[in-house]
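Structure data follow from start_31.cif (mmCIF, C-alpha atoms):
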```cif
data_final
loop_
_atom_site.label_atom_id
_atom_site.label_comp_id
_atom_site.auth_asym_id
_atom_site.auth_seq_id
_atom_site.Cartn_x
_atom_site.Cartn_y
_atom_site.Cartn_z
CA MET A 16 4.03 -20.71 -9.26
CA ASP A 17 3.50 -20.98 -5.53
CA ASP A 18 5.33 -18.62 -3.16
CA HIS A 19 6.46 -19.09 0.42
CA ARG A 20 5.08 -15.76 1.63
CA SER A 21 1.78 -15.69 3.45
CA PHE A 22 -0.82 -13.52 1.77
CA PRO A 23 -3.23 -11.25 3.65
CA PRO A 24 -6.38 -13.20 4.52
CA THR A 25 -9.62 -12.42 2.75
CA PRO A 26 -11.51 -9.91 4.93
CA ASP A 27 -14.55 -11.12 6.81
CA CYS A 28 -17.36 -10.22 4.44
CA PRO A 29 -18.97 -13.40 3.06
CA VAL A 30 -20.14 -13.06 -0.53
CA LEU A 31 -23.57 -14.18 -1.70
CA ARG A 32 -23.73 -15.18 -5.35
CA THR A 33 -26.79 -15.08 -7.56
CA PRO A 34 -27.65 -18.68 -8.48
CA PRO A 35 -27.81 -18.84 -12.29
CA ASP A 36 -30.68 -21.34 -12.45
CA ARG A 37 -32.85 -20.03 -9.59
CA PRO A 38 -34.48 -16.75 -10.63
CA ASP A 39 -36.58 -16.52 -7.44
CA GLU A 40 -33.47 -16.61 -5.23
CA ALA A 41 -31.73 -14.12 -7.49
CA GLU A 42 -34.66 -11.74 -7.21
CA ALA A 43 -34.68 -12.16 -3.42
CA LEU A 44 -31.03 -11.05 -3.28
CA ARG A 45 -31.80 -8.03 -5.46
CA ARG A 46 -34.69 -7.07 -3.15
CA ARG A 47 -32.40 -7.26 -0.12
CA ALA A 48 -29.92 -5.03 -1.94
CA ARG A 49 -32.63 -2.50 -2.78
CA SER A 50 -33.68 -2.43 0.87
CA GLY A 51 -30.09 -1.64 1.95
CA GLU A 52 -29.54 -4.95 3.75
CA LEU A 53 -27.03 -6.14 1.12
CA GLN A 54 -24.40 -4.27 -0.86
CA ARG A 55 -24.03 -5.19 -4.52
CA ILE A 56 -20.29 -5.32 -5.24
CA ALA A 57 -20.41 -6.77 -8.78
CA HIS A 58 -22.94 -8.36 -11.09
CA GLY A 59 -24.52 -11.19 -9.12
CA ARG A 60 -22.26 -10.62 -6.06
CA TYR A 61 -23.51 -9.24 -2.75
CA CYS A 62 -22.16 -8.66 0.78
CA ASP A 63 -23.78 -7.69 4.04
CA ALA A 64 -24.01 -3.90 3.77
CA ARG A 65 -22.88 -3.19 7.34
CA GLN A 66 -19.85 -5.43 7.05
CA TRP A 67 -18.95 -3.99 3.67
CA HIS A 68 -19.04 -0.37 4.82
CA ARG A 69 -16.85 -1.16 7.82
CA LEU A 70 -14.03 -2.37 5.55
CA PRO A 71 -11.29 0.03 4.38
CA PRO A 72 -10.99 0.45 0.59
CA GLU A 73 -8.16 -2.05 0.10
CA GLN A 74 -10.12 -4.76 1.93
CA ARG A 75 -13.23 -4.04 -0.14
CA HIS A 76 -11.19 -4.49 -3.29
CA HIS A 77 -9.75 -7.71 -1.88
CA VAL A 78 -13.26 -9.06 -1.31
CA LEU A 79 -14.28 -7.99 -4.83
CA VAL A 80 -11.36 -9.85 -6.43
CA ARG A 81 -11.86 -13.04 -4.46
CA SER A 82 -15.61 -12.98 -5.13
CA LEU A 83 -14.93 -13.24 -8.86
CA VAL A 84 -12.64 -16.27 -8.84
CA ASP A 85 -15.14 -18.32 -10.81
CA ARG A 86 -15.16 -15.71 -13.60
CA ILE A 87 -11.37 -15.43 -13.97
CA VAL A 88 -10.34 -18.26 -16.28
CA PRO A 89 -6.78 -19.72 -16.04
CA GLU A 90 -5.37 -17.82 -19.02
CA TYR A 91 -5.82 -14.61 -17.00
CA ALA A 92 -3.94 -13.45 -13.90
CA VAL A 93 -4.85 -10.72 -11.43
CA SER A 94 -2.39 -7.84 -11.93
CA HIS A 95 -1.44 -4.24 -11.21
CA ARG A 96 -3.29 -2.62 -8.27
CA SER A 97 -5.58 -5.62 -7.80
CA ALA A 98 -2.56 -7.90 -7.43
CA ALA A 99 -0.96 -5.45 -5.01
CA VAL A 100 -3.99 -5.62 -2.73
CA LEU A 101 -3.90 -9.43 -2.68
CA LEU A 102 -0.15 -9.46 -2.00
CA GLY A 103 -0.31 -6.94 0.84
CA VAL A 104 1.48 -4.20 -1.11
CA PRO A 105 0.08 -0.76 -0.22
CA VAL A 106 -1.73 1.17 -2.94
CA LEU A 107 -1.85 4.94 -2.67
CA GLY A 108 -4.84 6.77 -4.05
CA GLN A 109 -8.19 5.47 -5.17
CA LEU A 110 -8.49 1.79 -5.94
CA PRO A 111 -10.16 0.76 -9.20
CA ASP A 112 -13.81 -0.28 -9.08
CA ARG A 113 -13.00 -3.14 -11.46
CA VAL A 114 -10.52 -5.99 -11.17
CA GLN A 115 -7.28 -5.53 -13.11
CA LEU A 116 -6.01 -8.52 -15.10
CA ILE A 117 -3.53 -9.53 -17.74
CA ARG A 118 -4.22 -12.16 -20.36
CA ARG A 119 -0.99 -14.10 -20.16
CA GLY A 120 1.12 -14.00 -23.30
CA ARG A 121 -1.36 -11.80 -25.15
CA ARG A 122 -1.70 -8.16 -26.04
CA SER A 123 -5.37 -8.00 -25.29
CA ARG A 124 -6.48 -4.71 -23.74
CA THR A 125 -10.21 -4.77 -23.03
CA THR A 126 -12.59 -3.31 -20.48
CA ASN A 127 -16.04 -4.27 -19.27
CA ALA A 128 -18.18 -3.59 -16.22
CA THR A 129 -16.20 -6.02 -14.07
CA PHE A 130 -12.65 -6.30 -15.44
CA VAL A 131 -9.89 -4.21 -16.98
CA VAL A 132 -7.55 -6.42 -19.02
CA HIS A 133 -4.07 -4.99 -19.63
CA ASP A 134 -1.60 -5.96 -22.33
CA ASP A 135 0.90 -8.58 -21.19
CA LEU A 136 4.06 -6.54 -21.73
CA ASP A 137 6.36 -9.29 -20.49
CA PRO A 138 5.11 -12.56 -22.00
CA GLU A 139 8.38 -14.35 -21.14
CA SER A 140 7.96 -13.75 -17.42
CA ARG A 141 7.04 -16.72 -15.24
CA ASP A 142 6.45 -14.61 -12.16
CA ILE A 143 2.91 -15.81 -11.53
CA LEU A 144 1.73 -16.99 -8.11
CA ARG A 145 -1.14 -19.32 -7.31
CA PHE A 146 -3.46 -18.77 -4.39
CA THR A 147 -3.70 -22.39 -3.31
CA ALA A 148 -7.04 -21.93 -1.56
CA ASP A 149 -8.97 -21.29 -4.77
CA GLY A 150 -6.44 -21.58 -7.60
CA LEU A 151 -6.52 -17.87 -8.44
CA LEU A 152 -3.47 -16.75 -10.45
CA VAL A 153 -1.80 -13.49 -9.43
CA THR A 154 1.25 -11.69 -10.80
CA GLY A 155 4.16 -12.15 -8.38
CA PHE A 156 5.93 -9.53 -6.31
CA VAL A 157 8.55 -8.65 -8.91
CA ARG A 158 6.12 -8.43 -11.80
CA THR A 159 3.55 -6.49 -9.76
CA ALA A 160 6.27 -4.07 -8.68
CA VAL A 161 7.29 -3.54 -12.31
CA ASP A 162 3.67 -3.02 -13.38
CA LEU A 163 3.09 -0.41 -10.67
CA ALA A 164 6.43 1.33 -11.23
CA THR A 165 5.80 1.72 -14.96
CA THR A 166 2.13 2.77 -14.78
CA THR A 167 1.68 4.86 -11.63
CA PRO A 168 2.99 8.29 -10.55
CA PHE A 169 6.34 8.54 -8.78
CA LEU A 170 4.82 8.90 -5.31
CA ASP A 171 2.52 5.88 -5.71
CA ALA A 172 5.35 3.78 -7.12
CA VAL A 173 7.71 4.63 -4.25
CA VAL A 174 5.09 3.65 -1.66
CA ALA A 175 4.65 0.25 -3.33
CA LEU A 176 8.36 -0.35 -4.02
CA ASP A 177 9.39 0.50 -0.45
CA ARG A 178 7.12 -2.25 0.84
CA VAL A 179 8.09 -4.78 -1.82
CA LEU A 180 11.78 -4.28 -1.00
CA ALA A 181 10.96 -4.60 2.71
CA PHE A 182 9.42 -7.99 1.92
CA GLY A 183 12.87 -9.06 0.75
CA VAL A 184 12.24 -8.92 -2.99
CA ASP A 185 15.49 -8.44 -4.92
CA ARG A 186 15.98 -4.91 -6.26
CA ASP A 187 18.03 -6.18 -9.21
CA ALA A 188 15.19 -8.48 -10.26
CA ILE A 189 12.78 -5.54 -10.34
CA GLU A 190 15.30 -3.44 -12.28
CA PHE A 191 15.77 -6.25 -14.78
CA GLY A 192 11.99 -6.46 -15.22
CA VAL A 193 11.76 -2.69 -15.75
CA ASP A 194 14.54 -2.75 -18.35
CA ARG A 195 12.71 -5.46 -20.32
CA ARG A 196 9.65 -3.26 -20.68
CA ALA A 197 9.35 -1.27 -23.89
CA SER A 198 6.96 1.21 -22.29
CA ARG A 199 6.78 4.94 -21.79
CA GLY A 200 6.94 4.54 -18.01
CA ARG A 201 10.36 2.91 -17.95
CA ARG A 202 12.34 6.08 -17.15
CA ARG A 203 9.97 7.02 -14.30
CA ALA A 204 10.12 3.46 -13.01
CA ARG A 205 13.93 3.54 -12.87
CA ARG A 206 13.82 6.76 -10.86
CA SER A 207 11.22 5.34 -8.47
CA LEU A 208 13.25 2.18 -7.94
CA ALA A 209 16.48 4.11 -7.35
CA PHE A 210 14.68 6.19 -4.71
CA ALA A 211 12.91 3.26 -3.00
CA ASP A 212 14.22 2.13 0.37
CA ALA A 213 13.32 -1.01 2.30
CA ALA A 214 14.02 0.82 5.57
CA SER A 215 10.92 2.97 5.14
CA GLY A 216 8.65 1.75 7.91
CA SER A 217 5.17 2.73 6.73
CA VAL A 218 3.17 4.31 3.93
CA GLY A 219 3.32 7.64 5.75
CA GLU A 220 7.10 7.45 6.01
CA SER A 221 7.36 6.68 2.29
CA VAL A 222 5.21 9.69 1.40
CA LEU A 223 7.22 11.90 3.75
CA ARG A 224 10.48 10.79 2.12
CA VAL A 225 9.10 11.91 -1.25
CA ARG A 226 8.10 15.26 0.27
CA PHE A 227 11.68 15.72 1.57
CA ASP A 228 12.93 15.09 -1.96
CA GLU A 229 10.40 17.53 -3.45
CA TYR A 230 11.40 20.25 -0.98
CA GLY A 231 15.14 19.69 -1.40
CA THR A 232 16.03 18.75 2.18
CA PRO A 233 19.30 16.95 2.90
CA PRO A 234 18.91 13.17 2.57
CA PRO A 235 17.83 11.92 6.01
CA VAL A 236 19.11 8.78 7.72
CA LEU A 237 16.29 6.25 8.05
CA GLN A 238 15.69 4.25 11.23
CA HIS A 239 18.60 5.81 13.12
CA ARG A 240 19.23 4.24 16.53
CA PHE A 241 19.95 6.27 19.67
CA SER A 242 21.51 4.26 22.49
CA GLU A 243 21.76 5.03 26.18
CA ARG A 244 23.25 2.65 28.73
CA GLY A 245 20.63 1.12 30.99
CA HIS A 246 17.73 2.12 28.74
CA PRO A 247 16.12 0.62 25.62
CA ASP A 248 17.33 2.03 22.33
CA ILE A 249 15.21 4.58 20.51
CA VAL A 250 14.84 4.11 16.74
CA VAL A 251 13.60 7.20 14.91
CA ASP A 252 12.00 7.47 11.49
CA PHE A 253 14.30 10.19 10.11
CA TRP A 254 17.51 11.76 11.39
CA PHE A 255 19.16 14.85 9.94
CA PRO A 256 22.60 14.59 11.59
CA GLU A 257 24.07 17.90 10.44
CA GLN A 258 21.07 19.78 11.80
CA GLY A 259 20.59 17.53 14.82
CA VAL A 260 16.89 17.17 13.95
CA VAL A 261 14.70 14.09 14.37
CA VAL A 262 11.54 13.88 12.25
CA GLU A 263 8.92 11.35 13.29
CA PHE A 264 5.87 10.34 11.28
CA ASP A 265 3.09 10.28 13.87
CA GLY A 266 0.54 7.88 12.37
CA GLU A 267 -2.79 7.35 14.11
CA ALA A 268 -2.66 3.55 13.97
CA LYS A 269 -0.51 3.19 17.07
CA TYR A 270 -3.19 5.03 19.06
CA ARG A 271 -6.25 3.42 17.48
CA ASP A 272 -5.24 -0.16 16.61
CA PRO A 273 -5.58 -2.48 19.65
CA GLN A 274 -2.97 -4.86 18.24
CA LEU A 275 -0.38 -2.11 17.89
CA ARG A 276 -1.20 -0.81 21.36
CA GLY A 277 -0.30 -4.21 22.80
CA GLY A 278 -2.94 -4.14 25.53
CA ARG A 279 -2.32 -0.50 26.43
CA THR A 280 -4.95 2.22 26.29
CA ALA A 281 -4.62 5.09 23.84
CA GLU A 282 -3.80 7.33 26.82
CA ASP A 283 -0.98 4.98 27.83
CA VAL A 284 0.46 5.22 24.32
CA VAL A 285 0.33 9.03 24.41
CA VAL A 286 2.17 9.11 27.74
CA ALA A 287 4.77 6.62 26.49
CA GLU A 288 5.34 8.74 23.39
CA LYS A 289 5.88 11.83 25.56
CA TYR A 290 8.48 10.04 27.70
CA ARG A 291 10.18 8.76 24.57
CA GLU A 292 10.35 12.26 23.09
CA ASP A 293 11.70 13.66 26.36
CA ARG A 294 14.47 11.05 26.25
CA LEU A 295 15.19 11.90 22.62
CA ARG A 296 15.54 15.61 23.35
CA ALA A 297 17.99 14.81 26.15
CA PHE A 298 20.55 13.32 23.73
CA PRO A 299 23.30 15.91 23.16
CA ASP A 300 23.20 15.42 19.37
CA VAL A 301 19.47 16.19 19.18
CA THR A 302 18.53 19.84 18.80
CA GLY A 303 14.89 19.31 17.90
CA VAL A 304 12.09 16.81 17.22
CA VAL A 305 9.48 17.41 14.52
CA ARG A 306 6.31 15.33 14.51
CA VAL A 307 4.44 15.01 11.21
CA GLY A 308 0.90 13.65 10.92
CA TRP A 309 -0.92 12.15 7.96
CA ALA A 310 -2.81 15.39 7.24
CA ASP A 311 0.49 17.31 7.02
CA LEU A 312 1.61 15.18 4.07
CA TRP A 313 -1.09 16.70 1.87
CA ARG A 314 -0.80 20.32 3.06
CA GLU A 315 2.39 21.76 1.68
CA VAL A 316 2.29 25.07 3.55
CA GLN A 317 1.66 23.29 6.85
CA LEU A 318 4.40 20.70 6.33
CA ARG A 319 6.96 23.26 5.16
CA SER A 320 6.15 25.40 8.21
CA LYS A 321 6.82 22.48 10.57
CA LEU A 322 10.11 21.67 8.88
CA ARG A 323 11.14 25.33 8.83
CA ARG A 324 10.43 25.70 12.57
CA GLY A 325 12.46 22.54 13.13
CA ARG A 326 15.38 24.08 11.19
CA VAL A 327 15.32 21.47 8.42
CA PRO A 328 16.79 23.27 5.37
CA MET A 329 14.87 23.21 2.09
CA THR A 330 16.44 24.24 -1.21
CA ARG A 331 13.32 23.97 -3.37
#
```
Is it possible to express this structure as structure tokens?
Amino acid sequence: MDDHRSFPPTPDCPVLRTPPDRPDEAEALRRRARSGELQRIAHGRYCDARQWHRLPPEQRHHVLVRSLVDRIVPEYAVSHRSAAVLLGVPVLGQLPDRVQLIRRGRRSRTTNATFVVHDDLDPESRDILRFTADGLLVTGFVRTAVDLATTTPFLDAVVALDRVLAFGVDRDAIEFGVDRRASRGRRRARRSLAFADAASGSVGESVLRVRFDEYGTPPPVLQHRFSERGHPDIVVDFWFPEQGVVVEFDGEAKYRDPQLRGGRTAEDVVVAEKYREDRLRAFPDVTGVVRVGWADLWREVQLRSKLRRGRVPMTR
């Protein structure tokens, strides 16, 4: 059941639990929640409100799941989007406000205020991991990928599958798991898996690849390397060789995240990006560079306009 991969650590937001046999302490926690000092995240579970609101949604869900370990008995395993969060697989769209589980070996679909229990559609699967720190059972990478591919929209599934494949999970194993499912989502899952690519470097790049497919652009080359003697290579997100166009997904993290900046200021990163783009444009094969931001991915007119100005053909 154990796996050699390291899981994302539980975010720093210690959970306070209502003691079942101490009503005065329980009432004190509820008063602190009413005053805004604490955030109630589930029945009898509280976090410091300031810490909670600083966390991004996936980390909040991570805290929620790990706070409920004592309520998840061994016949259940964390699954679907909740498992993805624990495994470090990106989830597009809104995360559930309840923890998603399967009851292993059972078709037992139930819902309450805290949990959503899904049917176990693959009772023969042994792809269950154990979080050794607290014994929590979680569906493994293959099974989680199959669950997401068969139950989420194409775009969401591609985002998850790109990352799972980048982790080194075997594509054939996921395909085998999809084929064993007698579910309505099997055809969509096969398409998502056929489209998925481990070379996709980020969630934004995965979404942009789907947009290219929707708009009917030529298939781009991912992570193409430009080499120049005496200078470091430049690896670009997308390369359209027939058009000579480079498309780069310009995420904000490299400007905002101190770890990604590597000790540089945001201004240093901007200057470095300008020099890099100047070098790119100097290559004889490059006729243009298109930079796409996160907001562009959700504004079709804006994204199409950028691609059109960059002379990227679109047939749809």
Considering all atoms listed in the file, return as number ranges by chain whatever protein or nucleic-acid residues lie within 10 Å of segment 204-218 of chain A, sequence-local ones (same chain, fewer than 2 positions apart) excluded. A: 105-107, 160-184, 186-187, 189-190, 193-194, 199-202, 220-225, 228, 236-238, 252-253, 264, 266, 309
Could you check how far atom CA of Arg49 of chain A sits from atom CA of Ala64 of chain A, in Å to one decimal? 10.9 Å
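Using only C-alpha atoms, the smallest distance between any of A:Ala128, A:Asp300, A:Phe156, A:Arg226 and Arg314 of chain A comes from A:Arg226.
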Evaluate the PyMOL selection byres ((chain A and resi 87) around 12) and report residues as number ranges by chain: A: 80-86, 88-94, 114-118, 129-132, 149-153
Work out how far apart atom CA of Arg306 of chain A and atom CA of Val100 of chain A are and give it in Å to one decimal.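 Rounded to one decimal, the two atoms are 29.0 Å apart.
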The PyMOL selection byres ((chain A and resi 134-145) around 6) applied to the shown file, residues as a PyMOL selection string: chain A and resi 16-17+117+119-124+133+146-147+150-155
